[in-house]
file structure_32.cif (mmCIF, C-alpha atoms and all ligand atoms)
data_query
#
loop_
_atom_site.label_atom_id
_atom_site.label_comp_id
_atom_site.auth_asym_id
_atom_site.auth_seq_id
_atom_site.Cartn_x
_atom_site.Cartn_y
_atom_site.Cartn_z
CA MET A 1 285.73 251.69 246.59
CA PRO A 2 285.04 248.13 247.78
CA TYR A 3 286.34 245.21 245.70
CA PRO A 4 285.71 242.99 243.84
CA THR A 5 283.79 245.33 241.59
CA LEU A 6 281.91 244.77 238.36
CA SER A 7 282.42 247.96 236.40
CA ILE A 8 279.55 248.78 234.03
CA ASP A 9 280.03 251.56 231.48
CA LEU A 10 276.62 253.09 230.83
CA ASP A 11 277.92 255.23 227.95
CA VAL A 12 279.00 252.14 226.05
CA ILE A 13 275.63 250.44 226.69
CA GLU A 14 273.77 253.57 225.61
CA SER A 15 275.89 253.90 222.47
CA ASN A 16 275.52 250.19 221.60
CA THR A 17 271.77 250.55 222.08
CA ARG A 18 271.55 253.66 219.92
CA ASN A 19 273.47 251.94 217.10
CA MET A 20 271.36 248.78 217.31
CA VAL A 21 268.08 250.71 217.43
CA ALA A 22 269.18 252.55 214.27
CA ALA A 23 270.32 249.36 212.53
CA CYS A 24 267.05 247.63 213.44
CA GLN A 25 264.99 250.61 212.29
CA ALA A 26 266.64 250.39 208.87
CA HIS A 27 265.22 246.85 208.63
CA GLY A 28 261.76 247.61 210.01
CA VAL A 29 262.55 246.08 213.39
CA LYS A 30 261.87 247.57 216.83
CA PRO A 31 264.10 245.96 219.43
CA VAL A 32 263.12 245.07 222.99
CA GLY A 33 265.92 245.88 225.46
CA VAL A 34 266.60 242.78 227.54
CA THR A 35 267.98 243.53 231.00
CA LYS A 36 268.40 240.08 232.61
CA LEU A 37 272.20 239.91 232.18
CA LEU A 38 272.55 242.68 234.77
CA LEU A 39 269.57 241.60 236.90
CA GLY A 40 267.27 244.38 235.75
CA SER A 41 269.60 247.14 236.89
CA PRO A 42 267.59 250.41 236.66
CA GLU A 43 270.74 252.29 235.61
CA VAL A 44 271.26 249.93 232.67
CA ALA A 45 267.55 249.96 231.80
CA GLN A 46 267.66 253.78 231.73
CA ALA A 47 270.77 253.70 229.49
CA MET A 48 268.81 251.48 227.09
CA ILE A 49 265.90 253.93 227.14
CA ASP A 50 268.34 256.79 226.50
CA GLY A 51 269.60 254.79 223.52
CA GLY A 52 266.10 254.60 222.06
CA ILE A 53 264.51 251.47 223.57
CA GLU A 54 260.72 251.65 224.13
CA ILE A 55 260.07 248.16 225.54
CA LEU A 56 262.18 246.61 228.32
CA GLY A 57 262.15 242.85 228.75
CA ASP A 58 263.42 240.50 231.42
CA ALA A 59 263.08 236.81 232.23
CA ARG A 60 262.43 237.42 235.93
CA LEU A 61 259.75 239.41 237.72
CA MET A 62 262.17 240.38 240.51
CA ASN A 63 264.27 242.14 237.87
CA LEU A 64 261.27 243.78 236.22
CA ALA A 65 260.18 245.04 239.65
CA ARG A 66 263.40 247.06 239.89
CA TYR A 67 262.49 249.51 237.12
CA GLN A 68 258.72 249.83 237.31
CA ASP A 69 258.92 253.62 237.35
CA LEU A 70 260.92 253.88 234.11
CA ALA A 71 259.14 255.19 231.03
CA ALA A 72 259.02 252.02 228.95
CA GLU A 73 256.64 249.13 228.41
CA LYS A 74 257.57 245.98 230.32
CA MET A 75 257.72 242.51 228.81
CA LEU A 76 258.19 239.20 230.63
CA ILE A 77 260.35 237.14 228.25
CA ARG A 78 260.28 233.88 230.21
CA LEU A 79 256.98 232.03 230.18
CA PRO A 80 254.98 233.10 233.25
CA SER A 81 254.80 230.64 236.14
CA PHE A 82 251.33 229.61 237.19
CA SER A 83 252.21 230.69 240.73
CA GLU A 84 253.02 234.28 239.78
CA VAL A 85 250.26 235.35 237.38
CA ASP A 86 249.04 238.16 239.65
CA LYS A 87 252.52 239.66 239.70
CA VAL A 88 252.85 239.24 235.94
CA ILE A 89 249.72 241.35 235.49
CA ALA A 90 250.88 243.91 238.06
CA LEU A 91 254.45 244.29 236.80
CA THR A 92 254.27 243.77 233.03
CA ASP A 93 252.29 244.85 229.98
CA ILE A 94 253.24 241.95 227.71
CA SER A 95 254.30 238.34 228.23
CA LEU A 96 255.49 235.46 226.06
CA ASN A 97 253.27 232.38 226.44
CA SER A 98 252.78 228.78 225.36
CA GLU A 99 250.49 227.14 227.95
CA SER A 100 246.70 227.26 227.92
CA SER A 101 246.31 226.81 231.68
CA VAL A 102 248.62 229.74 232.39
CA LEU A 103 246.82 231.88 229.81
CA CYS A 104 243.51 231.15 231.56
CA ALA A 105 245.04 232.10 234.92
CA LEU A 106 246.56 235.26 233.42
CA SER A 107 243.16 236.22 232.06
CA GLU A 108 241.54 235.76 235.46
CA ALA A 109 244.27 237.82 237.13
CA ALA A 110 243.91 240.55 234.51
CA VAL A 111 240.15 240.69 235.04
CA LYS A 112 240.68 240.90 238.81
CA ALA A 113 243.18 243.75 238.36
CA ASN A 114 240.98 245.41 235.72
CA LYS A 115 243.90 245.50 233.27
CA ILE A 116 244.43 244.48 229.67
CA HIS A 117 247.46 242.20 229.26
CA ARG A 118 249.06 241.63 225.87
CA VAL A 119 250.17 238.18 224.76
CA VAL A 120 252.82 236.97 222.34
CA LEU A 121 252.54 233.24 221.58
CA MET A 122 255.84 231.41 221.45
CA HIS A 123 256.40 228.88 218.70
CA ASP A 124 259.38 226.52 218.79
CA LEU A 125 261.25 226.56 215.48
CA GLY A 126 263.53 223.70 216.49
CA ASP A 127 265.85 225.03 219.19
CA LEU A 128 263.71 223.03 221.64
CA ARG A 129 263.42 225.42 224.53
CA GLU A 130 260.09 227.25 224.93
CA GLY A 131 257.12 227.38 222.60
CA CYS A 132 254.63 225.04 220.93
CA PHE A 133 256.36 222.73 218.49
CA ASP A 134 253.10 221.82 216.86
CA GLU A 135 251.69 224.51 214.58
CA SER A 136 248.10 223.47 215.23
CA GLU A 137 248.64 224.06 218.95
CA THR A 138 249.87 227.62 218.31
CA LEU A 139 246.76 228.24 216.19
CA TRP A 140 244.56 226.77 218.91
CA LEU A 141 246.19 228.99 221.55
CA ALA A 142 245.58 232.00 219.30
CA GLU A 143 241.90 231.13 219.30
CA LEU A 144 241.92 230.59 223.06
CA VAL A 145 243.56 233.96 223.82
CA GLN A 146 240.91 235.74 221.79
CA SER A 147 238.20 234.08 223.85
CA LEU A 148 239.78 235.01 227.18
CA PRO A 149 238.71 238.31 228.74
CA ASN A 150 241.32 241.04 229.31
CA LEU A 151 243.96 239.30 227.18
CA GLU A 152 244.95 240.77 223.83
CA LEU A 153 246.74 238.64 221.26
CA ILE A 154 249.40 240.90 219.70
CA GLY A 155 251.76 238.50 218.02
CA VAL A 156 253.92 235.43 217.76
CA GLY A 157 257.52 234.89 218.71
CA SER A 158 260.30 232.35 218.74
CA ASN A 159 263.56 231.80 220.49
CA LEU A 160 266.64 230.29 218.86
CA ALA A 161 270.32 229.63 219.56
CA CYS A 162 269.77 229.21 223.28
CA TYR A 163 269.49 225.48 223.89
CA GLY A 164 269.75 223.56 220.66
CA GLY A 165 272.29 225.69 218.81
CA VAL A 166 269.79 226.43 216.03
CA ALA A 167 270.74 229.72 214.36
CA PRO A 168 268.06 232.11 213.13
CA SER A 169 267.73 231.65 209.36
CA ALA A 170 265.54 233.04 206.60
CA GLU A 171 263.91 229.62 206.52
CA ASN A 172 262.95 229.33 210.18
CA GLN A 173 261.99 233.01 210.42
CA ASN A 174 259.73 232.59 207.38
CA GLN A 175 258.10 229.65 209.15
CA LEU A 176 257.18 232.00 212.01
CA VAL A 177 255.87 234.58 209.52
CA ALA A 178 253.74 231.87 207.89
CA ILE A 179 252.19 230.98 211.26
CA ALA A 180 251.44 234.65 211.92
CA GLU A 181 249.76 234.91 208.51
CA LYS A 182 247.70 231.78 209.15
CA ILE A 183 246.46 233.24 212.44
CA GLU A 184 245.65 236.53 210.72
CA SER A 185 243.66 234.95 207.92
CA LYS A 186 241.95 232.33 210.08
CA PHE A 187 240.73 234.83 212.66
CA GLY A 188 240.54 237.97 210.53
CA LEU A 189 242.89 240.02 212.68
CA LYS A 190 246.21 241.83 212.31
CA LEU A 191 249.12 240.84 214.53
CA SER A 192 251.35 243.80 215.38
CA VAL A 193 254.36 241.78 216.58
CA ILE A 194 256.47 239.08 214.98
CA SER A 195 259.25 238.63 217.52
CA GLY A 196 261.81 236.60 215.61
CA ALA A 197 264.83 236.05 217.82
CA SER A 198 267.38 237.47 220.27
CA SER A 199 270.74 239.12 219.52
CA ALA A 200 271.47 235.87 217.66
CA GLY A 201 269.18 237.19 214.88
CA LEU A 202 271.19 240.34 214.21
CA ASP A 203 273.57 238.73 211.70
CA LEU A 204 270.64 237.64 209.56
CA MET A 205 269.03 241.08 209.80
CA LEU A 206 272.25 242.96 209.04
CA ALA A 207 272.83 240.71 206.04
CA GLY A 208 269.42 241.82 204.76
CA GLU A 209 268.09 238.26 204.89
CA MET A 210 265.53 238.62 207.66
CA PRO A 211 261.98 238.37 206.27
CA SER A 212 260.54 241.89 206.24
CA GLN A 213 257.51 240.81 208.31
CA VAL A 214 259.72 240.11 211.34
CA ASN A 215 259.45 243.40 213.22
CA GLN A 216 260.81 242.68 216.69
CA LEU A 217 264.09 241.32 218.07
CA ARG A 218 264.73 240.92 221.79
CA LEU A 219 268.24 242.24 222.39
CA GLY A 220 270.29 241.80 225.54
CA ALA A 221 273.85 240.60 224.95
CA SER A 222 274.31 242.83 221.89
CA LEU A 223 273.31 246.00 223.73
CA ILE A 224 275.31 245.26 226.87
CA MET A 225 278.32 243.28 225.63
CA GLY A 226 278.30 243.96 221.89
CA ILE A 227 278.00 240.25 221.09
CA GLY A 228 275.49 238.17 219.13
CA LEU A 229 275.34 234.71 217.56
CA ASN A 230 278.17 232.50 218.88
CA ASP A 231 279.31 235.40 221.07
CA GLU A 232 280.80 237.07 217.96
CA PRO A 233 281.13 240.87 218.03
CA VAL A 234 278.19 242.72 216.45
CA PRO A 235 279.19 245.45 213.94
CA THR A 236 278.92 249.05 215.30
CA THR A 237 278.93 247.89 218.91
CA GLN A 238 281.68 247.97 221.52
CA GLN A 239 282.59 244.94 223.59
CA ASN A 240 284.18 246.79 226.51
CA ALA A 241 281.23 247.94 228.64
CA ILE A 242 281.94 245.52 231.45
CA HIS A 243 284.96 244.34 233.35
CA LEU A 244 285.76 242.93 236.74
CA GLU A 245 288.31 244.32 239.19
CA ALA A 246 289.63 242.16 242.02
CA GLU A 247 292.12 243.09 244.72
CA LEU A 248 295.47 241.38 245.34
CA ILE A 249 295.68 240.22 248.96
CA GLU A 250 298.94 238.25 248.77
CA ILE A 251 301.98 238.06 246.48
CA LYS A 252 304.56 235.34 247.22
CA GLN A 253 307.20 233.25 245.50
CA LYS A 254 305.98 229.64 245.66
CA PRO A 255 306.56 226.33 243.89
CA SER A 256 304.10 225.47 241.11
CA VAL A 257 303.53 221.96 242.48
CA PRO A 258 301.97 221.43 245.95
CA VAL A 259 304.03 219.71 248.64
CA ASN A 260 302.83 216.06 248.99
CA SER A 261 299.46 216.45 247.23
CA THR A 262 297.24 213.45 248.05
CA ALA A 263 293.84 214.90 248.96
CA LEU A 264 290.98 216.19 246.79
CA ASP A 265 290.53 219.94 246.26
CA ALA A 266 287.70 221.94 247.89
CA PHE A 267 285.28 220.87 245.14
CA GLY A 268 286.06 217.15 245.28
CA ASN A 269 288.33 217.02 242.22
CA THR A 270 291.79 215.49 241.99
CA PRO A 271 294.06 218.40 241.15
CA GLU A 272 296.84 218.12 238.57
CA PHE A 273 299.92 220.30 238.32
CA ILE A 274 302.70 221.13 235.87
CA ASP A 275 306.08 221.85 237.42
CA LYS A 276 307.20 225.29 236.24
CA GLY A 277 309.55 225.77 239.19
CA ILE A 278 309.24 228.65 241.62
CA ARG A 279 306.68 231.24 240.46
CA CYS A 280 305.45 234.62 241.62
CA ARG A 281 301.89 233.90 242.67
CA GLY A 282 299.21 236.44 243.46
CA LEU A 283 296.06 235.81 245.47
CA CYS A 284 292.91 237.82 244.74
CA ALA A 285 289.86 238.27 246.96
CA ILE A 286 287.32 236.65 244.66
CA GLY A 287 286.45 233.01 244.15
CA ARG A 288 284.22 230.36 242.75
CA GLN A 289 281.34 231.47 244.95
CA ASP A 290 281.28 234.58 242.75
CA VAL A 291 282.31 233.37 239.31
CA GLU A 292 283.64 230.31 237.50
CA LEU A 293 287.36 231.01 237.30
CA GLU A 294 287.46 229.85 233.66
CA GLN A 295 285.39 232.97 232.87
CA LEU A 296 288.17 235.33 233.94
CA ILE A 297 290.41 236.75 231.23
CA PRO A 298 293.12 239.02 232.72
CA THR A 299 293.48 242.24 230.69
CA ASP A 300 297.24 242.10 231.40
CA SER A 301 298.02 239.28 228.99
CA HIS A 302 301.13 238.35 230.99
CA ILE A 303 298.96 237.20 233.88
CA SER A 304 297.58 233.68 233.85
CA VAL A 305 294.82 232.26 236.00
CA VAL A 306 296.21 229.27 237.93
CA GLY A 307 293.10 228.24 239.86
CA GLY A 308 291.41 228.92 243.12
CA SER A 309 288.70 227.95 245.55
CA SER A 310 285.43 229.36 246.86
CA ASP A 311 286.89 232.63 248.11
CA HIS A 312 290.28 232.84 246.41
CA LEU A 313 291.68 233.28 242.93
CA ILE A 314 295.31 232.33 242.31
CA VAL A 315 297.13 234.04 239.45
CA ASP A 316 300.68 233.74 238.10
CA LEU A 317 302.40 237.12 237.94
CA THR A 318 305.91 235.86 237.08
CA ASP A 319 305.90 237.02 233.45
CA CYS A 320 304.46 240.49 234.07
CA SER A 321 306.50 243.54 233.07
CA HIS A 322 304.47 245.62 235.52
CA GLU A 323 305.36 245.13 239.18
CA TYR A 324 302.20 244.38 241.19
CA HIS A 325 301.77 245.07 244.89
CA VAL A 326 299.34 243.87 247.53
CA GLY A 327 296.32 246.19 247.38
CA ASP A 328 296.55 246.62 243.58
CA ARG A 329 293.53 245.66 241.54
CA LEU A 330 293.67 243.23 238.65
CA THR A 331 291.27 243.74 235.79
CA PHE A 332 289.48 240.91 233.96
CA ASP A 333 287.29 240.61 230.90
CA LEU A 334 284.39 238.19 231.23
CA GLY A 335 282.25 236.00 229.00
CA TYR A 336 278.43 236.17 229.10
CA GLY A 337 278.27 233.61 231.90
CA GLY A 338 280.94 235.42 233.88
CA VAL A 339 279.09 238.73 233.69
CA LEU A 340 275.88 236.98 234.76
CA GLN A 341 277.58 235.27 237.70
CA CYS A 342 279.33 238.43 238.91
CA ALA A 343 276.09 240.40 238.51
CA THR A 344 274.34 237.78 240.63
CA SER A 345 276.94 237.59 243.41
CA GLU A 346 276.05 239.94 246.23
CA PHE A 347 279.74 239.92 247.16
CA VAL A 348 280.63 241.68 243.91
CA HIS A 349 280.10 245.43 244.13
CA LYS A 350 278.60 247.13 241.06
CA ALA A 351 280.07 250.41 239.84
CA TYR A 352 278.35 252.39 237.09
CA VAL A 353 280.77 254.50 235.11
CA ARG A 354 280.28 256.93 232.26
CA ALA A 355 283.51 256.95 230.28
CA LYS A 356 282.04 258.67 227.20
CA ALA A 357 281.93 256.07 224.47
C1 LIG B 1 267.65 236.07 227.05
C2 LIG B 1 266.59 236.14 226.04
C3 LIG B 1 266.69 237.07 225.01
C4 LIG B 1 267.89 237.98 224.84
O1 LIG B 1 268.99 237.24 224.43
P1 LIG B 1 270.39 237.95 224.10
O2 LIG B 1 271.23 236.87 223.56
O3 LIG B 1 270.88 238.47 225.42
O4 LIG B 1 270.11 239.03 223.14
C5 LIG B 1 265.65 237.15 224.11
N1 LIG B 1 264.57 236.35 224.22
C6 LIG B 1 264.44 235.44 225.19
C7 LIG B 1 263.21 234.61 225.25
C8 LIG B 1 265.45 235.30 226.13
O5 LIG B 1 265.33 234.39 227.10
#

call {"tool": "encode", "arguments": {"input": "structure_32.cif", "output": "structure tokens"}}
result
Amino acid sequence: MPYPTLSIDLDVIESNTRNMVAACQAHGVKPVGVTKLLLGSPEVAQAMIDGGIEILGDARLMNLARYQDLAAEKMLIRLPSFSEVDKVIALTDISLNSESSVLCALSEAAVKANKIHRVVLMHDLGDLREGCFDESETLWLAELVQSLPNLELIGVGSNLACYGGVAPSAENQNQLVAIAEKIESKFGLKLSVISGASSAGLDLMLAGEMPSQVNQLRLGASLIMGIGLNDEPVPTTQQNAIHLEAELIEIKQKPSVPVNSTALDAFGNTPEFIDKGIRCRGLCAIGRQDVELEQLIPTDSHISVVGGSSDHLIVDLTDCSHEYHVGDRLTFDLGYGGVLQCATSEFVHKAYVRAKA
């Protein structure tokens, strides 16, 4: 097997999905399975379907294009770009929207393709990423969508805990429900979707404090990594679906302080060092081109990450009880950003495993 490798356990993802689908069902919520963390991997999307997901969502059309043939509805969860409306219509059934000009273009593209496209209007509840902040604008967009041919208004949504650190709460979720109810009464229609939040909303739901009208959550991190708000573990999920393996290409005894350090490092920073004497240092074939080294948590707790450069990772092996050799692989846990970066690096091989969760 080539290294470095991002190992992805499909059994764990399927089991996490099954448990979250069941937990959501108990609260009247149907989750969307969000695939962007692993770039719309068809294997992962299928594991989500096997776990009970009926709608797959991704922020990027290139990712959605990877699993067109899978038996699930497709949702674009980043606002469509004006430049890609034809592809949005071709590749997805539903999109999240907040701009009138894009909605008009989507309608035109849907007419051209002779398709009906479903629209969820995004309202900003204070996290200050996407969505109308002004309630009257959301109501106006609801009216607009109904007037546009081949678009169907199916609901409202909001995103939280992504930019502004605003946690989903009964209060802000109720605000979204109130907007949905205003749209329903003003236009005499029934919205089928109130899409409250991401995995960050699971705590509120599991605590029984999510308003009962909220019937959709868009779940990515919780299904794949078993984490939710503040990256905390989500009950009944496992956090061990993904790890990184990198190969040792050198092991040498070296001083811990460079000899006559005066220059900047490869990234223009002035390096600083603590003198720990002579140490056993290992070099791994992975670097900052693949992943921020701060993201790497060695599973052997006696190993510490010393630093590295674009193509190299330097670790300290001095305190290990296990004797490592060149050619051995070191295993690392990763944070959300680390998984995303490794998934994105074409130098990191992806291995799908089924270890029976
Ligand atoms: C990424 C994203 C999600 C999923 O977030 P997780 O934290 O991975 O569950 C949901 N909705 C939107 C709009 C997103 O961008």

call {"tool": "residues_around", "arguments": {"input": "structure_32.cif", "residues": "Val291 of chain A", "least_positions_apart": "4", "cutoff": "8 Å", "atoms": "only C-alpha atoms", "output": "mmCIF file with C-alpha atoms, in the frame of the given file"}}
result
data_model
loop_
_atom_site.group_PDB
_atom_site.id
_atom_site.type_symbol
_atom_site.label_atom_id
_atom_site.label_comp_id
_atom_site.auth_asym_id
_atom_site.auth_seq_id
_atom_site.Cartn_x
_atom_site.Cartn_y
_atom_site.Cartn_z
ATOM 1 C CA GLY A 287 286.450 233.010 244.150
ATOM 2 C CA GLN A 295 285.390 232.970 232.870
ATOM 3 C CA GLY A 338 280.940 235.420 233.880
ATOM 4 C CA GLN A 341 277.580 235.270 237.700
ATOM 5 C CA CYS A 342 279.330 238.430 238.910
ATOM 6 C CA SER A 345 276.940 237.590 243.410
#

call {"tool": "residues_near_ligand", "arguments": {"input": "structure_32.cif", "ligand": "ligand LIG 1 (chain B)", "cutoff": "10 Å", "atoms": "only C-alpha atoms and all ligand atoms", "output": "ChimeraX atom specification"}}
result
/A:31-37,57-60,76-79,96,122,129-131,157-162,195-202,217-231,336

call {"tool": "residues_near_point", "arguments": {"input": "structure_32.cif", "point": "(262.6, 245.1, 213.4)", "cutoff": "7 Å", "atoms": "all atoms listed in the file", "output": "ChimeraX atom specification"}}
result
/A:24-25,27-31,214-217

call {"tool": "closest_residue", "arguments": {"input": "structure_32.cif", "among": "A:Ile242, A:Ala266, A:Ile249, A:Ser100", "to": "Ser147 of chain A", "atoms": "only C-alpha atoms"}}
result
A:Ser100

call {"tool": "residues_around", "arguments": {"input": "structure_32.cif", "residues": "Ile286 of chain A", "least_positions_apart": "4", "cutoff": "6 Å", "atoms": "all atoms listed in the file", "output": "PyMOL selection string"}}
result
chain A and resi 311-313

call {"tool": "residues_around", "arguments": {"input": "structure_32.cif", "residues": "Val85 of chain A", "least_positions_apart": "2", "cutoff": "8 Å", "atoms": "all atoms listed in the file", "output": "number ranges by chain"}}
result
A: 80-83, 87-89, 102, 105-106, 109

call {"tool": "residues_near_point", "arguments": {"input": "structure_32.cif", "point": "(285.7, 239.5, 236.5)", "cutoff": "9 Å", "atoms": "only C-alpha atoms", "output": "short mmCIF file (atom, residue, chain, number, x, y, z; two decimals) with C-alpha atoms, keeping the file's coordinate frame"}}
result
data_model
loop_
_atom_site.label_atom_id
_atom_site.label_comp_id
_atom_site.auth_asym_id
_atom_site.auth_seq_id
_atom_site.Cartn_x
_atom_site.Cartn_y
_atom_site.Cartn_z
CA PRO A 4 285.71 242.99 243.84
CA THR A 5 283.79 245.33 241.59
CA LEU A 6 281.91 244.77 238.36
CA ILE A 242 281.94 245.52 231.45
CA HIS A 243 284.96 244.34 233.35
CA LEU A 244 285.76 242.93 236.74
CA GLU A 245 288.31 244.32 239.19
CA ALA A 246 289.63 242.16 242.02
CA ILE A 286 287.32 236.65 244.66
CA VAL A 291 282.31 233.37 239.31
CA LEU A 293 287.36 231.01 237.30
CA GLN A 295 285.39 232.97 232.87
CA LEU A 296 288.17 235.33 233.94
CA ILE A 297 290.41 236.75 231.23
CA PRO A 298 293.12 239.02 232.72
CA THR A 331 291.27 243.74 235.79
CA PHE A 332 289.48 240.91 233.96
CA ASP A 333 287.29 240.61 230.90
CA LEU A 334 284.39 238.19 231.23
CA GLY A 335 282.25 236.00 229.00
CA GLY A 338 280.94 235.42 233.88
CA VAL A 339 279.09 238.73 233.69
CA CYS A 342 279.33 238.43 238.91
#

call {"tool": "residues_around", "arguments": {"input": "structure_32.cif", "residues": "Ser15 of chain A", "least_positions_apart": "6", "cutoff": "12 Å", "atoms": "all atoms listed in the file", "output": "ChimeraX atom specification"}}
result
/A:9,21-22,44,47-53,222-226,236-241,354-357

call {"tool": "write_last_selection", "arguments": {"input": "structure_32.cif", "atoms": "C-alpha atoms", "output": "CSV table (one decimal), in the coordinates of the input"}}
result
chain,number,residue,atom,x,y,z
A,9,ASP,CA,280.0,251.6,231.5
A,21,VAL,CA,268.1,250.7,217.4
A,22,ALA,CA,269.2,252.6,214.3
A,44,VAL,CA,271.3,249.9,232.7
A,47,ALA,CA,270.8,253.7,229.5
A,48,MET,CA,268.8,251.5,227.1
A,49,ILE,CA,265.9,253.9,227.1
A,50,ASP,CA,268.3,256.8,226.5
A,51,GLY,CA,269.6,254.8,223.5
A,52,GLY,CA,266.1,254.6,222.1
A,53,ILE,CA,264.5,251.5,223.6
A,222,SER,CA,274.3,242.8,221.9
A,223,LEU,CA,273.3,246.0,223.7
A,224,ILE,CA,275.3,245.3,226.9
A,225,MET,CA,278.3,243.3,225.6
A,226,GLY,CA,278.3,244.0,221.9
A,236,THR,CA,278.9,249.0,215.3
A,237,THR,CA,278.9,247.9,218.9
A,238,GLN,CA,281.7,248.0,221.5
A,239,GLN,CA,282.6,244.9,223.6
A,240,ASN,CA,284.2,246.8,226.5
A,241,ALA,CA,281.2,247.9,228.6
A,354,ARG,CA,280.3,256.9,232.3
A,355,ALA,CA,283.5,257.0,230.3
A,356,LYS,CA,282.0,258.7,227.2
A,357,ALA,CA,281.9,256.1,224.5
